[in-house]
Amino acid sequence: MSGKRKKIVAFLCNWCTYTAADLAGTSRLKYEPDIRILRVMCSSRVDPVFILKALMDGADGVLVGGCELGDCHYQRGNYYARRKVAVAKKIAADMGLDPERIRLSWISASDGPRFAEVVNEFTREIEEKGDTPVKHEAYV
Amino acid sequence: MIREIPRVGVYVCHCGANIAAKVDVEEVARFASKLDFVESARDYKFMCSDPGQQLVVDDIREKGLNRIVVASCSPRMHEKTFRKACQKAGLNPYYFQMACIREHDAWVTEDPGEATDKAKELVQGAVSRVLHHESLVPRTVDINPNVLVIGGGIAGMQAALTIADAGKTVYLVEREPCIGGNMAKFDKTFPTLDCAACILTPKMVAVGQHENIELLTYSEVVDVEGFVGNFKATVRKKPRYVDMDKCTGCGVCNEKCPAKAISEFDQGLSKRKAIYSPFPQAVPNTPVIDRDMCIYFKKGKCRACEKFCEADAIDFDQQEEKITLDVGAIIVATGFKPFDPSVAERYGYGKYPEVYTSLEFERVNNATGPTEGQIRLKDGRVPETMAIIHCVGSRDKNHNAYCSRVCCMYSMKYAHLIREKTGANVYEFYIDIRSPGKGYEEFYNRVQSEGVQFIRGNVAGVTDKAIGEDEKGKLIVLAEDSLSGRFLRVPVDAVVLSVGLEAAEGAEAVARMVGISQDQDGWFNELHPKLAPQATPSDGIFLAGCCQGPKDIPDTVSTANGAAAEALSLIMREKVEVEAAVSSIDAERCMGCRQCETICMFDAIEYDSALNVCVVNEAICKGCGLCASTCPNKAIGVRHFGNEQILSEMEGVML
């Protein structure tokens, strides 16, 4: 990996993907450092506005992580998250942004290796896409 | 909205070398001290230590700090610790935010420079978030005093007994027809050589008869909902086709049943009937009908068991039942399964009949086993030489890298039993002897003095291809003796593979159900490997026995009592504080569209038709935040996870 690091914002649900990220840490799995993790209680908390705001503020990519379908701590929150992310992608595309800069992944709490894999994969994809076309005043 | 001028204190933890070896903690603290509203920023060796927490307490009191940020481990680890410290100093615990620079940074980033940059941004995010925090008061809810124990091996039984003896109700759920688990299959136990059945049977009976234990065998927990103090577990009770209330356990059905099947309990070395109890001392002693092997279920006629049952207990119409249990705490004690050596072909398991797994050899040695405790080859001969191979599936990069802890000791127990029962020559092939435990090293010395040959070296394979006359008709163990540097061919009559331990079948489903995680080997993760070994990151869920890693019987019993004590300490509190982070609706902005009411997964939102607004029932709300992200008017906020809080953190990490 070379060049300037990207800005990738991740909204991870407390019960699964955030725990998987913790597990990746305790297992000392190394992954790309571009990601910035924010904790939400459920992936369904992620308002499409959050995702779009992140992109407009200059994020090169946004990752939303939730429990595997059927395993949501709150029963069905991740199904709602799936719709919300779909809406965000649609709006992003309408705004002229590449919807593939948004990624939704289901990673269970016990899957630290999968978390590291997804981060590396997504970082690589964003690297290939290059810097976001959005120029925010505060973003240098 | 910022009501008072924030005075933020930032503390960057070294975590010994865990963080400081990768992240330049002093630089991060320097950086933090320049952020808006930051009054003081410092780094410290161990923030979670007493002096570390005291720093926070003193600074709040002396410097008048009203917002605290600690950059250290995951909030799932120590958020509560620091919230408490804030509270101690008189600051509302919700004026605290954690930046995870260990699990999400120091431990996962290669380059120290990049790790430091990431830490700075995470701290910046936490500082900008904490400015928007609000003071919250945690809610208190009642704790249900019942406990659910999943798994009826020695760990689950011990935990259940300890809790039941304290006068609390325990539901003990076991998926097999009876309790006892793996230990019930053992013959002798090291290093004291007391027989497993002699020490286990009284415990099984105690469990079966205890007035505070409701035993649910042949049952599986299929769903767990709720939260600490208030779990709702759904248990699927498989049909036994025998009425437990009527059955006297006389065993006539078993005698009369014409259908035979392979005995799982005897590791396939003997046969059982289609209606069976796994072993004679089984608790409960009500048999089950194996539907797949029963002639009546297969062909529509037979019913021999029914004909001979004097108690009229056979019930072919029994259906599966689902029951719901309300409990305050759950102990997971799902145990282990032995490593299957057929995947390691070089040992010849499955190919040569005289190659046994350790659990098979336990049954061979057991007086109720297939040979009634006599060590005999399949053709009935007494073996003259035997080999025991250690570390099969353990300490092996191709299978499991970890040490299974018990194999050295049980292997030496076998050596002793073989010497005692047959006088055969015994060769132990080992990598290292691991005998840490009370009386364990002494047992090793004893077995050595009994003439057992210890050969230090990895076994390359087991073959029946004889070279010399002395190898004809024997199994030849090919090994390296790493002490003399020679390659050996050792002809023996039978081989015992000391297989390692693996997480039990279905452990993953259990982990998901109760919301705990597994490590890379499948064992359940404890809250803290040293200081909270029985608790898990999910409040109210505790671990006992081998489900968290290989253990011998004494350690299993200790952890079971530990888990029981933790569960008791929780339920005896009677009340528990739960997250204050629930939703609330701004009545002025709500337009009464009722979308939130429709989507709420817990029916926590009600519509007030008089005012045309929706209202959150805080006692039911779980704080997932779905309503907040759905509300088209942005009238719903989630306390502690509000839009402003999340977005300001996001802006912080991206600046």
# chains A, B, ... in the order shown; residues from 1 in each chain; ligands from 1
call {"tool": "residues_around", "arguments": {"residues": "segment 498-506 of chain B", "least_positions_apart": "2", "cutoff": "6 Å", "atoms": "only C-alpha atoms", "output": "MDAnalysis selection string"}}
result
chainID B and resid 335:339 358 389:390 392:394 404 407 508:509 522:523
call {"tool": "write_last_selection", "arguments": {"atoms": "C-alpha atoms", "output": "short mmCIF file (atom, residue, chain, number, x, y, z; two decimals), in the first residue's frame"}}
result
data_model
loop_
_atom_site.label_atom_id
_atom_site.label_comp_id
_atom_site.auth_asym_id
_atom_site.auth_seq_id
_atom_site.Cartn_x
_atom_site.Cartn_y
_atom_site.Cartn_z
CA GLY B 335 -18.18 -28.43 26.90
CA PHE B 336 -16.00 -29.95 24.21
CA LYS B 337 -15.83 -32.67 21.62
CA PRO B 338 -12.77 -34.86 21.06
CA PHE B 339 -10.67 -34.17 17.96
CA SER B 358 -8.62 -41.89 23.79
CA ILE B 389 0.67 -41.12 20.83
CA HIS B 390 0.37 -37.66 22.44
CA VAL B 392 -2.97 -35.88 18.15
CA GLY B 393 -4.67 -32.82 16.69
CA SER B 394 -3.05 -30.55 19.29
CA SER B 404 -5.26 -29.47 24.93
CA CYS B 407 -3.82 -35.38 27.10
CA GLU B 508 -21.34 -21.32 17.18
CA ALA B 509 -25.15 -21.39 17.32
CA GLY B 522 -14.11 -21.80 18.54
CA TRP B 523 -13.81 -21.49 22.33
#
call {"tool": "residues_around", "arguments": {"residues": "Asn612 of chain B", "least_positions_apart": "2", "cutoff": "10 Å", "atoms": "only C-alpha atoms", "output": "number ranges by chain"}}
result
B: 587, 590-594, 607-610, 614-615
call {"tool": "write_last_selection", "arguments": {"atoms": "C-alpha atoms", "output": "CSV table (one decimal), in the first residue's frame"}}
result
chain,number,residue,atom,x,y,z
B,587,ALA,CA,-43.6,16.2,20.8
B,590,CYS,CA,-43.6,14.8,15.8
B,591,MET,CA,-46.3,15.0,13.2
B,592,GLY,CA,-48.0,11.8,14.2
B,593,CYS,CA,-47.2,9.8,11.1
B,594,ARG,CA,-46.8,6.7,13.2
B,607,TYR,CA,-49.7,6.7,19.6
B,608,ASP,CA,-51.4,9.4,21.6
B,609,SER,CA,-54.5,10.3,19.5
B,610,ALA,CA,-55.5,13.2,21.6
B,614,CYS,CA,-46.1,9.2,19.3
B,615,VAL,CA,-44.7,8.4,22.8
call {"tool": "closest_atom_pairs", "arguments": {"of": "chain A", "to": "chain B", "cutoff": "6 Å", "atoms": "only C-alpha atoms", "output": "CSV"}}
result
residue,atom,partner,partner_atom,distance
A:Asp22,CA,B:Glu103,CA,5.2
A:Gly25,CA,B:Glu103,CA,4.0
A:Arg28,CA,B:Trp107,CA,5.2
A:Leu29,CA,B:Val108,CA,5.5
A:Lys30,CA,B:Val108,CA,4.2
A:Tyr31,CA,B:Val108,CA,5.8
A:Pro33,CA,B:Thr109,CA,5.9
A:Met41,CA,B:Cys624,CA,5.5
A:Cys42,CA,B:Cys624,CA,5.2
A:Ser44,CA,B:Leu626,CA,5.0
A:Arg45,CA,B:Gly625,CA,4.6
A:Asp47,CA,B:Ser629,CA,4.5
A:Ala109,CA,B:Ser517,CA,5.3
A:Ser110,CA,B:Ser517,CA,4.4
call {"tool": "write_last_selection", "arguments": {"atoms": "N, CA and C atoms", "output": "mmCIF file, in the first residue's frame"}}
result
data_model
loop_
_atom_site.group_PDB
_atom_site.id
_atom_site.type_symbol
_atom_site.label_atom_id
_atom_site.label_comp_id
_atom_site.auth_asym_id
_atom_site.auth_seq_id
_atom_site.Cartn_x
_atom_site.Cartn_y
_atom_site.Cartn_z
ATOM 1 N N ASP A 22 -13.237 -5.698 17.749
ATOM 2 C CA ASP A 22 -12.496 -5.899 19.009
ATOM 3 C C ASP A 22 -11.718 -7.208 18.952
ATOM 4 N N GLY A 25 -8.723 -7.183 16.966
ATOM 5 C CA GLY A 25 -7.671 -6.557 17.762
ATOM 6 C C GLY A 25 -7.045 -7.527 18.745
ATOM 7 N N ARG A 28 -4.779 -9.779 17.308
ATOM 8 C CA ARG A 28 -3.631 -9.088 16.682
ATOM 9 C C ARG A 28 -3.599 -9.277 15.158
ATOM 10 N N LEU A 29 -4.776 -9.246 14.524
ATOM 11 C CA LEU A 29 -4.808 -9.338 13.071
ATOM 12 C C LEU A 29 -4.484 -7.955 12.513
ATOM 13 N N LYS A 30 -3.580 -7.893 11.574
ATOM 14 C CA LYS A 30 -3.203 -6.585 11.040
ATOM 15 C C LYS A 30 -4.078 -6.241 9.833
ATOM 16 N N TYR A 31 -4.594 -5.019 9.813
ATOM 17 C CA TYR A 31 -5.326 -4.572 8.622
ATOM 18 C C TYR A 31 -5.024 -3.110 8.325
ATOM 19 N N PRO A 33 -4.921 0.809 7.916
ATOM 20 C CA PRO A 33 -5.264 1.748 8.989
ATOM 21 C C PRO A 33 -6.200 2.883 8.576
ATOM 22 N N MET A 41 -25.590 1.303 18.387
ATOM 23 C CA MET A 41 -26.097 0.111 19.046
ATOM 24 C C MET A 41 -26.588 -0.908 18.024
ATOM 25 N N CYS A 42 -27.179 -0.426 16.928
ATOM 26 C CA CYS A 42 -27.722 -1.335 15.911
ATOM 27 C C CYS A 42 -27.459 -0.718 14.550
ATOM 28 N N SER A 44 -29.385 -0.538 12.252
ATOM 29 C CA SER A 44 -30.576 0.192 11.820
ATOM 30 C C SER A 44 -30.567 1.635 12.325
ATOM 31 N N ARG A 45 -29.664 1.960 13.261
ATOM 32 C CA ARG A 45 -29.547 3.333 13.750
ATOM 33 C C ARG A 45 -28.929 4.224 12.680
ATOM 34 N N ASP A 47 -28.744 6.261 9.963
ATOM 35 C CA ASP A 47 -29.624 7.058 9.119
ATOM 36 C C ASP A 47 -28.922 7.261 7.779
ATOM 37 N N ALA A 109 -20.074 -11.518 15.643
ATOM 38 C CA ALA A 109 -19.178 -11.145 16.740
ATOM 39 C C ALA A 109 -17.953 -12.049 16.813
ATOM 40 N N SER A 110 -18.093 -13.287 16.365
ATOM 41 C CA SER A 110 -16.988 -14.227 16.510
ATOM 42 C C SER A 110 -16.074 -14.219 15.290
#
call {"tool": "residues_around", "arguments": {"residues": "Ile37 of chain A", "least_positions_apart": "5", "cutoff": "8 Å", "atoms": "only C-alpha atoms", "output": "JSON, numbers by chain"}}
result
{"A": [9, 10, 11, 12], "B": [104]}
call {"tool": "write_last_selection", "arguments": {"atoms": "N, CA and C atoms", "output": "short mmCIF file (atom, residue, chain, number, x, y, z; two decimals), in the first residue's frame"}}
result
data_model
loop_
_atom_site.label_atom_id
_atom_site.label_comp_id
_atom_site.auth_asym_id
_atom_site.auth_seq_id
_atom_site.Cartn_x
_atom_site.Cartn_y
_atom_site.Cartn_z
N VAL A 9 -15.06 5.86 6.92
CA VAL A 9 -15.82 5.91 8.16
C VAL A 9 -16.62 4.63 8.28
N ALA A 10 -16.60 4.02 9.46
CA ALA A 10 -17.36 2.78 9.64
C ALA A 10 -18.36 2.95 10.78
N PHE A 11 -19.61 2.65 10.50
CA PHE A 11 -20.63 2.61 11.55
C PHE A 11 -20.87 1.14 11.86
N LEU A 12 -20.47 0.71 13.05
CA LEU A 12 -20.58 -0.71 13.36
C LEU A 12 -21.54 -0.95 14.51
N HIS B 104 -8.71 -1.32 18.16
CA HIS B 104 -8.99 -0.81 16.82
C HIS B 104 -7.79 -0.09 16.22
#
call {"tool": "residues_around", "arguments": {"residues": "Val85 of chain A", "least_positions_apart": "4", "cutoff": "10 Å", "atoms": "only C-alpha atoms", "output": "VMD selection string"}}
result
chain A and resid 43 to 44 46 to 49 51 63 to 64 80 to 81 89 to 91 99 102 to 104
call {"tool": "write_last_selection", "arguments": {"atoms": "C-alpha atoms", "output": "mmCIF file, in the first residue's frame"}}
result
data_model
loop_
_atom_site.group_PDB
_atom_site.id
_atom_site.type_symbol
_atom_site.label_atom_id
_atom_site.label_comp_id
_atom_site.auth_asym_id
_atom_site.auth_seq_id
_atom_site.Cartn_x
_atom_site.Cartn_y
_atom_site.Cartn_z
ATOM 1 C CA SER A 43 -26.982 -1.027 12.204
ATOM 2 C CA SER A 44 -30.576 0.192 11.820
ATOM 3 C CA VAL A 46 -27.507 4.400 10.723
ATOM 4 C CA ASP A 47 -29.624 7.058 9.119
ATOM 5 C CA PRO A 48 -28.990 7.435 5.366
ATOM 6 C CA VAL A 49 -28.241 11.029 6.308
ATOM 7 C CA ILE A 51 -23.791 8.074 5.313
ATOM 8 C CA LEU A 63 -18.760 1.000 5.818
ATOM 9 C CA VAL A 64 -21.860 -0.097 7.688
ATOM 10 C CA TYR A 80 -34.005 -2.243 8.048
ATOM 11 C CA ALA A 81 -30.333 -1.303 7.785
ATOM 12 C CA LYS A 89 -26.687 4.401 -2.278
ATOM 13 C CA LYS A 90 -29.494 5.571 -4.546
ATOM 14 C CA ILE A 91 -29.265 9.143 -3.299
ATOM 15 C CA PRO A 99 -22.591 4.291 -4.732
ATOM 16 C CA ILE A 102 -20.806 2.720 0.469
ATOM 17 C CA ARG A 103 -20.540 -0.842 1.690
ATOM 18 C CA LEU A 104 -22.766 -2.886 3.970
#
call {"tool": "atom_distance", "arguments": {"atom1": "atom CA of Arg434 of chain B", "atom2": "atom CA of Val332 of chain B"}}
result
27.7 Å
call {"tool": "residues_around", "arguments": {"residues": "Leu377 of chain B", "least_positions_apart": "3", "cutoff": "8 Å", "atoms": "only C-alpha atoms", "output": "number ranges by chain"}}
result
B: 354, 380-383, 493-494
call {"tool": "write_last_selection", "arguments": {"atoms": "N, CA and C atoms", "output": "compact mmCIF listing (two decimals), in the first residue's frame"}}
result
# COMPACT_ATOMS: atom_id res chain seq x y z
N GLU B 354 -6.95 -51.71 15.27
CA GLU B 354 -6.32 -51.60 16.59
C GLU B 354 -5.79 -50.21 16.90
N GLY B 380 -9.53 -60.74 20.68
CA GLY B 380 -9.63 -61.32 22.01
C GLY B 380 -8.30 -61.53 22.72
N ARG B 381 -7.18 -61.35 21.99
CA ARG B 381 -5.87 -61.54 22.61
C ARG B 381 -5.56 -60.39 23.57
N VAL B 382 -4.68 -60.70 24.53
CA VAL B 382 -4.18 -59.65 25.42
C VAL B 382 -2.99 -58.99 24.72
N PRO B 383 -2.97 -57.68 24.60
CA PRO B 383 -1.85 -57.04 23.91
C PRO B 383 -0.54 -57.20 24.68
N ASP B 493 1.03 -53.90 19.30
CA ASP B 493 -0.23 -54.59 19.02
C ASP B 493 -1.38 -53.61 18.84
N ALA B 494 -1.34 -52.52 19.57
CA ALA B 494 -2.44 -51.55 19.47
C ALA B 494 -1.90 -50.15 19.75
call {"tool": "select_by_dssp", "arguments": {"residues": "segment 22-132 of chain A", "states": "helix (DSSP H, G or I)", "output": "NGL selection string"}}
result
:A and (22-26 or 43-45 or 48-56 or 77-94 or 99-101 or 112-129)
